[in-house]
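Content type PDB, C-alpha atoms (C1' of nucleotides), from the file protein_31.pdb:
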```pdb
MODEL        1
ATOM      1  CA  MET A1134       0.000   0.000   0.000  1.00  0.00           C
ATOM      2  CA  ARG A1135       1.030   3.592  -0.649  1.00  0.00           C
ATOM      3  CA  LEU A1136       2.786   5.479   2.173  1.00  0.00           C
ATOM      4  CA  GLU A1137       0.679   8.173   3.849  1.00  0.00           C
ATOM      5  CA  ARG A1138       1.495  11.811   4.485  1.00  0.00           C
ATOM      6  CA  GLY A1139       2.243  11.222   8.157  1.00  0.00           C
ATOM      7  CA  PHE A1140       5.061   8.830   7.309  1.00  0.00           C
ATOM      8  CA  TYR A1141       7.025  11.697   5.789  1.00  0.00           C
ATOM      9  CA  ALA A1142       6.206  14.405   8.339  1.00  0.00           C
ATOM     10  CA  ARG A1143       9.091  13.531  10.660  1.00  0.00           C
ATOM     11  CA  ASP A1144      12.812  14.135  11.064  1.00  0.00           C
ATOM     12  CA  PRO A1145      14.620  12.835   7.953  1.00  0.00           C
ATOM     13  CA  ARG A1146      17.029  10.875  10.151  1.00  0.00           C
ATOM     14  CA  GLU A1147      14.048   8.971  11.484  1.00  0.00           C
ATOM     15  CA  VAL A1148      12.442   8.480   8.081  1.00  0.00           C
ATOM     16  CA  ALA A1149      15.618   7.476   6.216  1.00  0.00           C
ATOM     17  CA  PRO A1150      16.228   4.020   7.758  1.00  0.00           C
ATOM     18  CA  GLU A1151      12.515   3.260   7.538  1.00  0.00           C
ATOM     19  CA  LEU A1152      12.591   3.897   3.790  1.00  0.00           C
ATOM     20  CA  LEU A1153      14.900   0.905   3.364  1.00  0.00           C
ATOM     21  CA  ASN A1154      13.024  -1.981   1.726  1.00  0.00           C
ATOM     22  CA  LYS A1155      10.155   0.271   0.632  1.00  0.00           C
ATOM     23  CA  VAL A1156       9.313   0.253  -3.088  1.00  0.00           C
ATOM     24  CA  VAL A1157       9.512   3.107  -5.620  1.00  0.00           C
ATOM     25  CA  SER A1158       7.152   2.849  -8.578  1.00  0.00           C
ATOM     26  CA  THR A1159       7.048   4.977 -11.745  1.00  0.00           C
ATOM     27  CA  ARG A1160       4.734   3.911 -14.563  1.00  0.00           C
ATOM     28  CA  GLY A1161       5.782   0.301 -14.952  1.00  0.00           C
ATOM     29  CA  CYS A1162       9.224   0.484 -13.361  1.00  0.00           C
ATOM     30  CA  THR A1163       9.685  -0.519  -9.718  1.00  0.00           C
ATOM     31  CA  GLY A1164      12.667  -0.937  -7.409  1.00  0.00           C
ATOM     32  CA  ARG A1165      13.321  -1.652  -3.742  1.00  0.00           C
ATOM     33  CA  ILE A1166      15.145   1.072  -1.787  1.00  0.00           C
ATOM     34  CA  VAL A1167      18.460  -0.236  -0.431  1.00  0.00           C
ATOM     35  CA  GLU A1168      20.476   2.947   0.246  1.00  0.00           C
ATOM     36  CA  VAL A1169      19.486   6.446   1.465  1.00  0.00           C
ATOM     37  CA  GLU A1170      20.957   9.612   2.985  1.00  0.00           C
ATOM     38  CA  ALA A1171      19.304  12.197   5.258  1.00  0.00           C
ATOM     39  CA  TYR A1172      19.726  15.949   4.691  1.00  0.00           C
ATOM     40  CA  GLY A1173      18.450  19.101   6.329  1.00  0.00           C
ATOM     41  CA  GLY A1174      18.015  20.922   9.568  1.00  0.00           C
ATOM     42  CA  ALA A1175      19.907  23.861  11.010  1.00  0.00           C
ATOM     43  CA  ASP A1176      22.893  21.657  11.892  1.00  0.00           C
ATOM     44  CA  ASP A1177      23.583  20.256   8.436  1.00  0.00           C
ATOM     45  CA  PRO A1178      26.102  22.280   6.392  1.00  0.00           C
ATOM     46  CA  GLY A1179      25.948  19.580   3.699  1.00  0.00           C
ATOM     47  CA  SER A1180      22.317  20.348   2.894  1.00  0.00           C
ATOM     48  CA  HIS A1181      21.344  22.362  -0.172  1.00  0.00           C
ATOM     49  CA  GLY A1182      19.016  24.351   2.073  1.00  0.00           C
ATOM     50  CA  TYR A1183      21.595  25.187   4.739  1.00  0.00           C
ATOM     51  CA  ARG A1184      21.843  28.848   3.706  1.00  0.00           C
ATOM     52  CA  GLY A1185      18.136  29.341   3.295  1.00  0.00           C
ATOM     53  CA  MET A1186      15.558  28.772   0.611  1.00  0.00           C
ATOM     54  CA  THR A1187      16.364  29.569  -3.024  1.00  0.00           C
ATOM     55  CA  PRO A1188      14.328  28.913  -6.162  1.00  0.00           C
ATOM     56  CA  ARG A1189      16.274  25.690  -6.613  1.00  0.00           C
ATOM     57  CA  THR A1190      15.669  24.337  -3.102  1.00  0.00           C
ATOM     58  CA  GLU A1191      12.096  25.491  -2.577  1.00  0.00           C
ATOM     59  CA  ALA A1192      10.662  21.962  -2.727  1.00  0.00           C
ATOM     60  CA  MET A1193      13.010  20.845   0.036  1.00  0.00           C
ATOM     61  CA  PHE A1194      11.177  23.099   2.495  1.00  0.00           C
ATOM     62  CA  GLY A1195       7.970  21.131   2.226  1.00  0.00           C
ATOM     63  CA  PRO A1196       5.218  20.125   2.280  1.00  0.00           C
ATOM     64  CA  PRO A1197       6.407  16.600   3.143  1.00  0.00           C
ATOM     65  CA  GLY A1198       5.709  13.612   0.928  1.00  0.00           C
ATOM     66  CA  ARG A1199       6.803  15.337  -2.256  1.00  0.00           C
ATOM     67  CA  LEU A1200       9.887  14.977  -4.434  1.00  0.00           C
ATOM     68  CA  TYR A1201      12.849  17.331  -4.439  1.00  0.00           C
ATOM     69  CA  VAL A1202      14.678  16.743  -7.733  1.00  0.00           C
ATOM     70  CA  TYR A1203      17.908  18.623  -8.444  1.00  0.00           C
ATOM     71  CA  PHE A1204      20.347  18.823 -11.348  1.00  0.00           C
ATOM     72  CA  THR A1205      24.051  18.381 -10.688  1.00  0.00           C
ATOM     73  CA  TYR A1206      27.419  18.108 -12.431  1.00  0.00           C
ATOM     74  CA  GLY A1207      25.887  19.518 -15.575  1.00  0.00           C
ATOM     75  CA  MET A1208      24.180  16.276 -16.569  1.00  0.00           C
ATOM     76  CA  HIS A1209      22.578  14.302 -13.731  1.00  0.00           C
ATOM     77  CA  TRP A1210      19.258  14.408 -11.894  1.00  0.00           C
ATOM     78  CA  CYS A1211      18.895  13.141  -8.312  1.00  0.00           C
ATOM     79  CA  ALA A1212      15.667  12.509  -6.374  1.00  0.00           C
ATOM     80  CA  ASN A1213      14.887  13.206  -2.711  1.00  0.00           C
ATOM     81  CA  VAL A1214      11.827  12.465  -0.590  1.00  0.00           C
ATOM     82  CA  VAL A1215      10.828  15.643   1.280  1.00  0.00           C
ATOM     83  CA  CYS A1216      10.310  15.135   5.046  1.00  0.00           C
ATOM     84  CA  GLY A1217       9.503  17.150   8.177  1.00  0.00           C
ATOM     85  CA  GLN A1218       6.964  19.941   8.493  1.00  0.00           C
ATOM     86  CA  LYS A1219       6.211  22.578   5.864  1.00  0.00           C
ATOM     87  CA  GLY A1220       8.741  25.375   6.292  1.00  0.00           C
ATOM     88  CA  GLU A1221      11.485  23.051   7.497  1.00  0.00           C
ATOM     89  CA  CYS A1222      14.335  22.001   5.241  1.00  0.00           C
ATOM     90  CA  ALA A1223      14.435  18.200   5.333  1.00  0.00           C
ATOM     91  CA  ALA A1224      14.759  15.417   2.783  1.00  0.00           C
ATOM     92  CA  VAL A1225      16.064  11.914   2.151  1.00  0.00           C
ATOM     93  CA  LEU A1226      18.172  11.268  -0.952  1.00  0.00           C
ATOM     94  CA  LEU A1227      17.440   7.979  -2.731  1.00  0.00           C
ATOM     95  CA  ARG A1228      20.883   6.506  -3.474  1.00  0.00           C
ATOM     96  CA  ALA A1229      20.281   2.949  -4.705  1.00  0.00           C
ATOM     97  CA  LEU A1230      17.508   0.513  -5.618  1.00  0.00           C
ATOM     98  CA  THR A1231      17.271  -3.161  -6.395  1.00  0.00           C
ATOM     99  CA  PRO A1232      15.482  -3.270  -9.786  1.00  0.00           C
ATOM    100  CA  MET A1233      12.263  -5.315  -9.581  1.00  0.00           C
ATOM    101  CA  GLU A1234       9.961  -4.614 -12.550  1.00  0.00           C
ATOM    102  CA  GLY A1235      10.339  -2.821 -15.876  1.00  0.00           C
ATOM    103  CA  LEU A1236      13.945  -3.883 -16.368  1.00  0.00           C
ATOM    104  CA  GLU A1237      13.652  -3.614 -20.151  1.00  0.00           C
ATOM    105  CA  LYS A1238      12.637   0.017 -19.901  1.00  0.00           C
ATOM    106  CA  MET A1239      15.400   0.740 -17.383  1.00  0.00           C
ATOM    107  CA  ARG A1240      17.982  -0.801 -19.710  1.00  0.00           C
ATOM    108  CA  SER A1241      16.747   1.323 -22.601  1.00  0.00           C
ATOM    109  CA  ARG A1242      17.089   4.467 -20.459  1.00  0.00           C
ATOM    110  CA  ARG A1243      20.566   3.444 -19.241  1.00  0.00           C
ATOM    111  CA  PRO A1244      22.174   1.765 -22.246  1.00  0.00           C
ATOM    112  CA  LYS A1245      25.658   2.022 -20.731  1.00  0.00           C
ATOM    113  CA  ALA A1246      24.818  -0.128 -17.710  1.00  0.00           C
ATOM    114  CA  ARG A1247      26.719  -3.396 -18.164  1.00  0.00           C
ATOM    115  CA  ARG A1248      24.780  -5.484 -15.642  1.00  0.00           C
ATOM    116  CA  ASP A1249      21.302  -5.134 -14.181  1.00  0.00           C
ATOM    117  CA  ARG A1250      22.828  -4.407 -10.782  1.00  0.00           C
ATOM    118  CA  ASP A1251      24.329  -1.247 -12.296  1.00  0.00           C
ATOM    119  CA  LEU A1252      20.935   0.102 -13.412  1.00  0.00           C
ATOM    120  CA  CYS A1253      20.043   1.805 -10.101  1.00  0.00           C
ATOM    121  CA  SER A1254      23.267   1.642  -8.030  1.00  0.00           C
ATOM    122  CA  GLY A1255      23.640   5.400  -7.531  1.00  0.00           C
ATOM    123  CA  PRO A1256      21.429   8.464  -7.082  1.00  0.00           C
ATOM    124  CA  ALA A1257      21.706   9.701 -10.664  1.00  0.00           C
ATOM    125  CA  LYS A1258      21.549   6.179 -12.067  1.00  0.00           C
ATOM    126  CA  LEU A1259      18.254   5.359 -10.390  1.00  0.00           C
ATOM    127  CA  ALA A1260      16.700   8.682 -11.388  1.00  0.00           C
ATOM    128  CA  ALA A1261      17.655   8.003 -14.991  1.00  0.00           C
ATOM    129  CA  ALA A1262      16.466   4.391 -14.891  1.00  0.00           C
ATOM    130  CA  LEU A1263      13.075   5.435 -13.518  1.00  0.00           C
ATOM    131  CA  GLY A1264      12.729   8.380 -15.898  1.00  0.00           C
ATOM    132  CA  ILE A1265      12.758  10.990 -13.108  1.00  0.00           C
ATOM    133  CA  HIS A1266      14.003  14.434 -14.135  1.00  0.00           C
ATOM    134  CA  GLY A1267      13.327  18.101 -13.428  1.00  0.00           C
ATOM    135  CA  THR A1268       9.689  18.027 -14.361  1.00  0.00           C
ATOM    136  CA  ALA A1269       9.095  15.754 -11.342  1.00  0.00           C
ATOM    137  CA  ASN A1270      10.385  18.373  -8.878  1.00  0.00           C
ATOM    138  CA  GLY A1271       7.601  18.976  -6.344  1.00  0.00           C
ATOM    139  CA  ALA A1272       5.582  15.950  -7.464  1.00  0.00           C
ATOM    140  CA  ASP A1273       3.389  14.528  -4.690  1.00  0.00           C
ATOM    141  CA  LEU A1274       4.182  10.927  -3.772  1.00  0.00           C
ATOM    142  CA  VAL A1275       0.995  10.607  -1.702  1.00  0.00           C
ATOM    143  CA  THR A1276      -1.419  11.455  -4.502  1.00  0.00           C
ATOM    144  CA  ALA A1277       0.985  10.143  -7.183  1.00  0.00           C
ATOM    145  CA  ASP A1278       0.074  13.158  -9.327  1.00  0.00           C
ATOM    146  CA  ALA A1279       3.085  12.556 -11.563  1.00  0.00           C
ATOM    147  CA  GLY A1280       2.799   8.775 -11.644  1.00  0.00           C
ATOM    148  CA  ILE A1281       5.516   8.346  -8.998  1.00  0.00           C
ATOM    149  CA  GLU A1282       4.682   6.648  -5.685  1.00  0.00           C
ATOM    150  CA  LEU A1283       6.268   4.951  -2.673  1.00  0.00           C
ATOM    151  CA  LEU A1284       4.831   1.633  -1.535  1.00  0.00           C
ATOM    152  CA  ASP A1285       5.066  -0.684   1.452  1.00  0.00           C
ATOM    153  CA  ASP A1286       4.812  -4.226   0.078  1.00  0.00           C
ATOM    154  CA  GLY A1287       5.021  -5.817   3.526  1.00  0.00           C
ATOM    155  CA  THR A1288       8.795  -6.122   3.648  1.00  0.00           C
ATOM    156  CA  ALA A1289      10.086  -4.732   6.944  1.00  0.00           C
ATOM    157  CA  PRO A1290      13.125  -2.423   7.039  1.00  0.00           C
ATOM    158  CA  PRO A1291      16.313  -4.242   8.044  1.00  0.00           C
ATOM    159  CA  PRO A1292      16.531  -4.454  11.859  1.00  0.00           C
ATOM    160  CA  ALA A1293      20.241  -3.578  11.806  1.00  0.00           C
ATOM    161  CA  PRO A1294      20.949  -1.496   8.673  1.00  0.00           C
ATOM    162  CA  GLY A1295      24.457  -0.512   7.678  1.00  0.00           C
ATOM    163  CA  ARG A1296      25.340   3.082   8.534  1.00  0.00           C
ATOM    164  CA  SER A1297      28.115   5.441   7.416  1.00  0.00           C
ATOM    165  CA  VAL A1298      29.004   8.997   6.564  1.00  0.00           C
ATOM    166  CA  ARG A1299      27.433  10.471   3.441  1.00  0.00           C
ATOM    167  CA  ILE A1300      29.094  10.119   0.064  1.00  0.00           C
ATOM    168  CA  GLY A1301      30.548  12.895  -2.072  1.00  0.00           C
ATOM    169  CA  LEU A1302      30.354  15.810   0.395  1.00  0.00           C
ATOM    170  CA  SER A1303      33.060  18.306   1.327  1.00  0.00           C
ATOM    171  CA  THR A1304      31.069  20.003   4.109  1.00  0.00           C
ATOM    172  CA  GLY A1305      29.093  17.991   6.625  1.00  0.00           C
ATOM    173  CA  ALA A1306      31.199  15.013   5.593  1.00  0.00           C
ATOM    174  CA  ASP A1307      31.512  13.727   9.164  1.00  0.00           C
ATOM    175  CA  LEU A1308      27.789  13.221   9.834  1.00  0.00           C
ATOM    176  CA  PRO A1309      26.775   9.501   9.779  1.00  0.00           C
ATOM    177  CA  TRP A1310      23.497  10.008   7.971  1.00  0.00           C
ATOM    178  CA  ARG A1311      23.728   7.305   5.285  1.00  0.00           C
ATOM    179  CA  TRP A1312      21.853   4.030   5.774  1.00  0.00           C
ATOM    180  CA  TYR A1313      21.911   0.924   3.586  1.00  0.00           C
ATOM    181  CA  VAL A1314      20.940  -2.738   3.402  1.00  0.00           C
ATOM    182  CA  SER A1315      24.159  -4.496   4.415  1.00  0.00           C
ATOM    183  CA  GLY A1316      25.546  -6.902   1.854  1.00  0.00           C
ATOM    184  CA  CYS A1317      23.113  -5.922  -0.876  1.00  0.00           C
ATOM    185  CA  PRO A1318      24.809  -6.204  -4.302  1.00  0.00           C
ATOM    186  CA  ASP A1319      22.945  -3.164  -5.675  1.00  0.00           C
ATOM    187  CA  LEU A1320      24.522  -0.454  -3.482  1.00  0.00           C
ATOM    188  CA  SER A1321      26.388   2.547  -4.901  1.00  0.00           C
ATOM    189  CA  ARG A1322      29.477   1.002  -3.326  1.00  0.00           C
ATOM    190  CA  ARG A1323      30.331  -2.136  -1.380  1.00  0.00           C
ATOM    191  CA  GLY A1324      28.958  -2.273   2.128  1.00  0.00           C
TER     192      GLY A1324
ATOM    193  C1'  DA B 743      40.907  -4.284  -8.325  1.00  0.00           C
ATOM    194  C1'  DC B 744      42.083   0.524  -7.891  1.00  0.00           C
ATOM    195  C1'  DC B 745      42.892   5.193  -9.389  1.00  0.00           C
ATOM    196  C1'  DG B 746      42.764   9.581 -12.139  1.00  0.00           C
ATOM    197  C1'  DG B 747      40.576  12.625 -15.137  1.00  0.00           C
ATOM    198  C1'  DG B 748      36.962  14.438 -18.366  1.00  0.00           C
ATOM    199  C1'  DA B 749      32.174  15.500 -19.347  1.00  0.00           C
ATOM    200  C1'  DT B 750      28.819  19.281 -18.827  1.00  0.00           C
ATOM    201  C1'  DG B 751      25.927  23.430 -17.101  1.00  0.00           C
ATOM    202  C1'  DT B 752      23.472  25.469 -13.106  1.00  0.00           C
ATOM    203  C1'  DT B 753      24.053  28.034  -8.935  1.00  0.00           C
ATOM    204  C1'  DC B 754      26.051  31.066  -5.983  1.00  0.00           C
ATOM    205  C1'  DT B 755      30.337  34.036  -4.591  1.00  0.00           C
TER     206       DT B 755
ATOM    207  C1'  DG C1351      35.149  31.932 -11.421  1.00  0.00           C
ATOM    208  C1'  DA C1352      34.587  27.985  -8.384  1.00  0.00           C
ATOM    209  C1'  DA C1353      32.028  24.384  -6.605  1.00  0.00           C
ATOM    210  C1'  DC C1354      29.083  20.732  -7.378  1.00  0.00           C
ATOM    211  C1'  DA C1355      24.661  15.155  -2.710  1.00  0.00           C
ATOM    212  C1'  DT C1356      27.945  12.005 -10.210  1.00  0.00           C
ATOM    213  C1'  DC C1357      29.115   8.783 -13.732  1.00  0.00           C
ATOM    214  C1'  DC C1358      31.979   6.643 -17.161  1.00  0.00           C
ATOM    215  C1'  DC C1359      36.169   5.353 -19.371  1.00  0.00           C
ATOM    216  C1'  DG C1360      40.835   4.184 -19.838  1.00  0.00           C
ATOM    217  C1'  DG C1361      45.160   3.501 -17.530  1.00  0.00           C
ATOM    218  C1'  DT C1362      47.904   0.396 -14.473  1.00  0.00           C
ATOM    219  C1'  DG C1363      48.868  -3.706 -11.264  1.00  0.00           C
TER     220       DG C1363
ENDMDL
END
```
For this file, produce the structure as structure tokens.
Amino acid sequence: MRLERGFYARDPREVAPELLNKVVSTRGCTGRIVEVEAYGGADDPGSHGYRGMTPRTEAMFGPPGRLYVYFTYGMHWCANVVCGQKGECAAVLLRALTPMEGLEKMRSRRPKARRDRDLCSGPAKLAAALGIHGTANGADLVTADAGIELLDDGTAPPPAPGRSVRIGLSTGADLPWRWYVSGCPDLSRRG
DNA sequence: ACCGGGATGTTCT
DNA sequence: GAACATCCCGGTG
């Protein structure tokens, strides 16, 4: 069943580990979430919203349960799940999925992926594989107004997820706000 | 396996 | 002008 608004309206560090093993679905393509990172709050210099709201980061300030999609390195889109209360800056970056359905479509969107485990093993990879780009910024996951939704298929989050610092940051690099399914072969890196 | 560098353009200083 | 929540390719061991 689809996740409700209240699931998202909490601290991203609480929501992030609970997103593990949930399912992302976009028009025929689905994948299980196996790696996430939490961002936001007044104490997080690694967050895009750390210095206040800008046109780019507006979606990250709520309402919760929507997507924050940003463009980076001149060519990649990455997708976040917005958390917390409206007016707060809080989100969880989706970093890796285990592909489940729609593999043919994912392969056609990511022709350079050698193996199926490479289709969604990174934040920009999974956004590409699922066909998520800038037009999905602000899309509501609760009403699925853009055909993108988050589902609980009955699989519980791992009781003891792996945890580490976040990947690719220069500021806020010491905060251990990355969670992942230990031993999963579909992670953005071994863990 | 690991490492280094190039691609590519938006955002903010 | 620099930084960037990344990815891919080609080198070497």
Can you turn the PyMOL selection byres ((chain A) within 10 of (chain C)) into a concrete residue list for this file, as a ChimeraX atom specification? /A:1170,1172,1179-1181,1203-1211,1213,1226,1228,1245-1246,1255-1258,1299-1303
Proximity to chain B - best of A:Ser1321, A:Ser1315, A:Thr1159, A:Thr1190, only C-alpha atoms (C1' of nucleotides):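 Going through A:Ser1321, A:Ser1315, A:Thr1159, A:Thr1190 one by one, the smallest distance to chain B is for A:Thr1190.
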Please report the interatomic distance between atom CA of Ala1229 of chain A and atom CA of Pro1145 of chain A in Å with one decimal.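 Separation of atom CA of Ala1229 of chain A and atom CA of Pro1145 of chain A: 17.0 Å.
For the residues A:Cys1317, A:Pro1309, A:Thr1187, A:Ala1192, ranking by smallest atom-to-atom distance to chain B using only C-alpha atoms (C1' of nucleotides) places A:Thr1187 first.
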Could you jot down the atom CA of Ala1224 of chain A to atom CA of Lys1238 of chain A separation for me, Å, one decimal place?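 Taking atom CA of Ala1224 of chain A as the start and atom CA of Lys1238 of chain A as the end point, the length is 27.5 Å.
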For atom CA of Ala1142 of chain A and atom CA of Lys1219 of chain A, quote the distance in Å rounded to one decimal.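 Taking atom CA of Ala1142 of chain A as the start and atom CA of Lys1219 of chain A as the end point, the length is 8.5 Å.
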Apply the PyMOL selection byres ((chain B) within 12 of (chain A)) to the file shown and report the selected residues as a PDB file with C-alpha atoms (C1' of nucleotides), in the frame of the given file.
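That gives us selection-v4.pdb:
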```pdb
ATOM      1  C1'  DG B 748      36.962  14.438 -18.366  1.00  0.00           C
ATOM      2  C1'  DA B 749      32.174  15.500 -19.347  1.00  0.00           C
ATOM      3  C1'  DT B 750      28.819  19.281 -18.827  1.00  0.00           C
ATOM      4  C1'  DG B 751      25.927  23.430 -17.101  1.00  0.00           C
ATOM      5  C1'  DT B 752      23.472  25.469 -13.106  1.00  0.00           C
ATOM      6  C1'  DT B 753      24.053  28.034  -8.935  1.00  0.00           C
ATOM      7  C1'  DC B 754      26.051  31.066  -5.983  1.00  0.00           C
TER       8       DC B 754
END
```
Within 9 Å of segment 1134-1137 of chain A using all atoms listed in the file, minus same-chain residues under 5 positions, as a short mmCIF file (atom, residue, chain, number, x, y, z; two decimals) with C-alpha atoms, in the coordinates of the input:
```
data_model
loop_
_atom_site.label_atom_id
_atom_site.label_comp_id
_atom_site.auth_asym_id
_atom_site.auth_seq_id
_atom_site.Cartn_x
_atom_site.Cartn_y
_atom_site.Cartn_z
CA GLY A 1198 5.71 13.61 0.93
CA LEU A 1274 4.18 10.93 -3.77
CA VAL A 1275 1.00 10.61 -1.70
CA GLU A 1282 4.68 6.65 -5.68
CA LEU A 1283 6.27 4.95 -2.67
CA LEU A 1284 4.83 1.63 -1.54
CA ASP A 1285 5.07 -0.68 1.45
CA ASP A 1286 4.81 -4.23 0.08
CA GLY A 1287 5.02 -5.82 3.53
#
```
Chain and number of each residue from the PyMOL selection byres ((chain A and resi 1185) around 12), as number ranges by chain: A: 1173-1175, 1177-1178, 1180-1184, 1186-1191, 1193-1194, 1220-1223
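Distances from A:Leu1200, A:Val1225, A:Leu1153, A:Ala1212 to Ala1171 of chain A were compared using only C-alpha atoms, and the smallest one belongs to A:Val1225.
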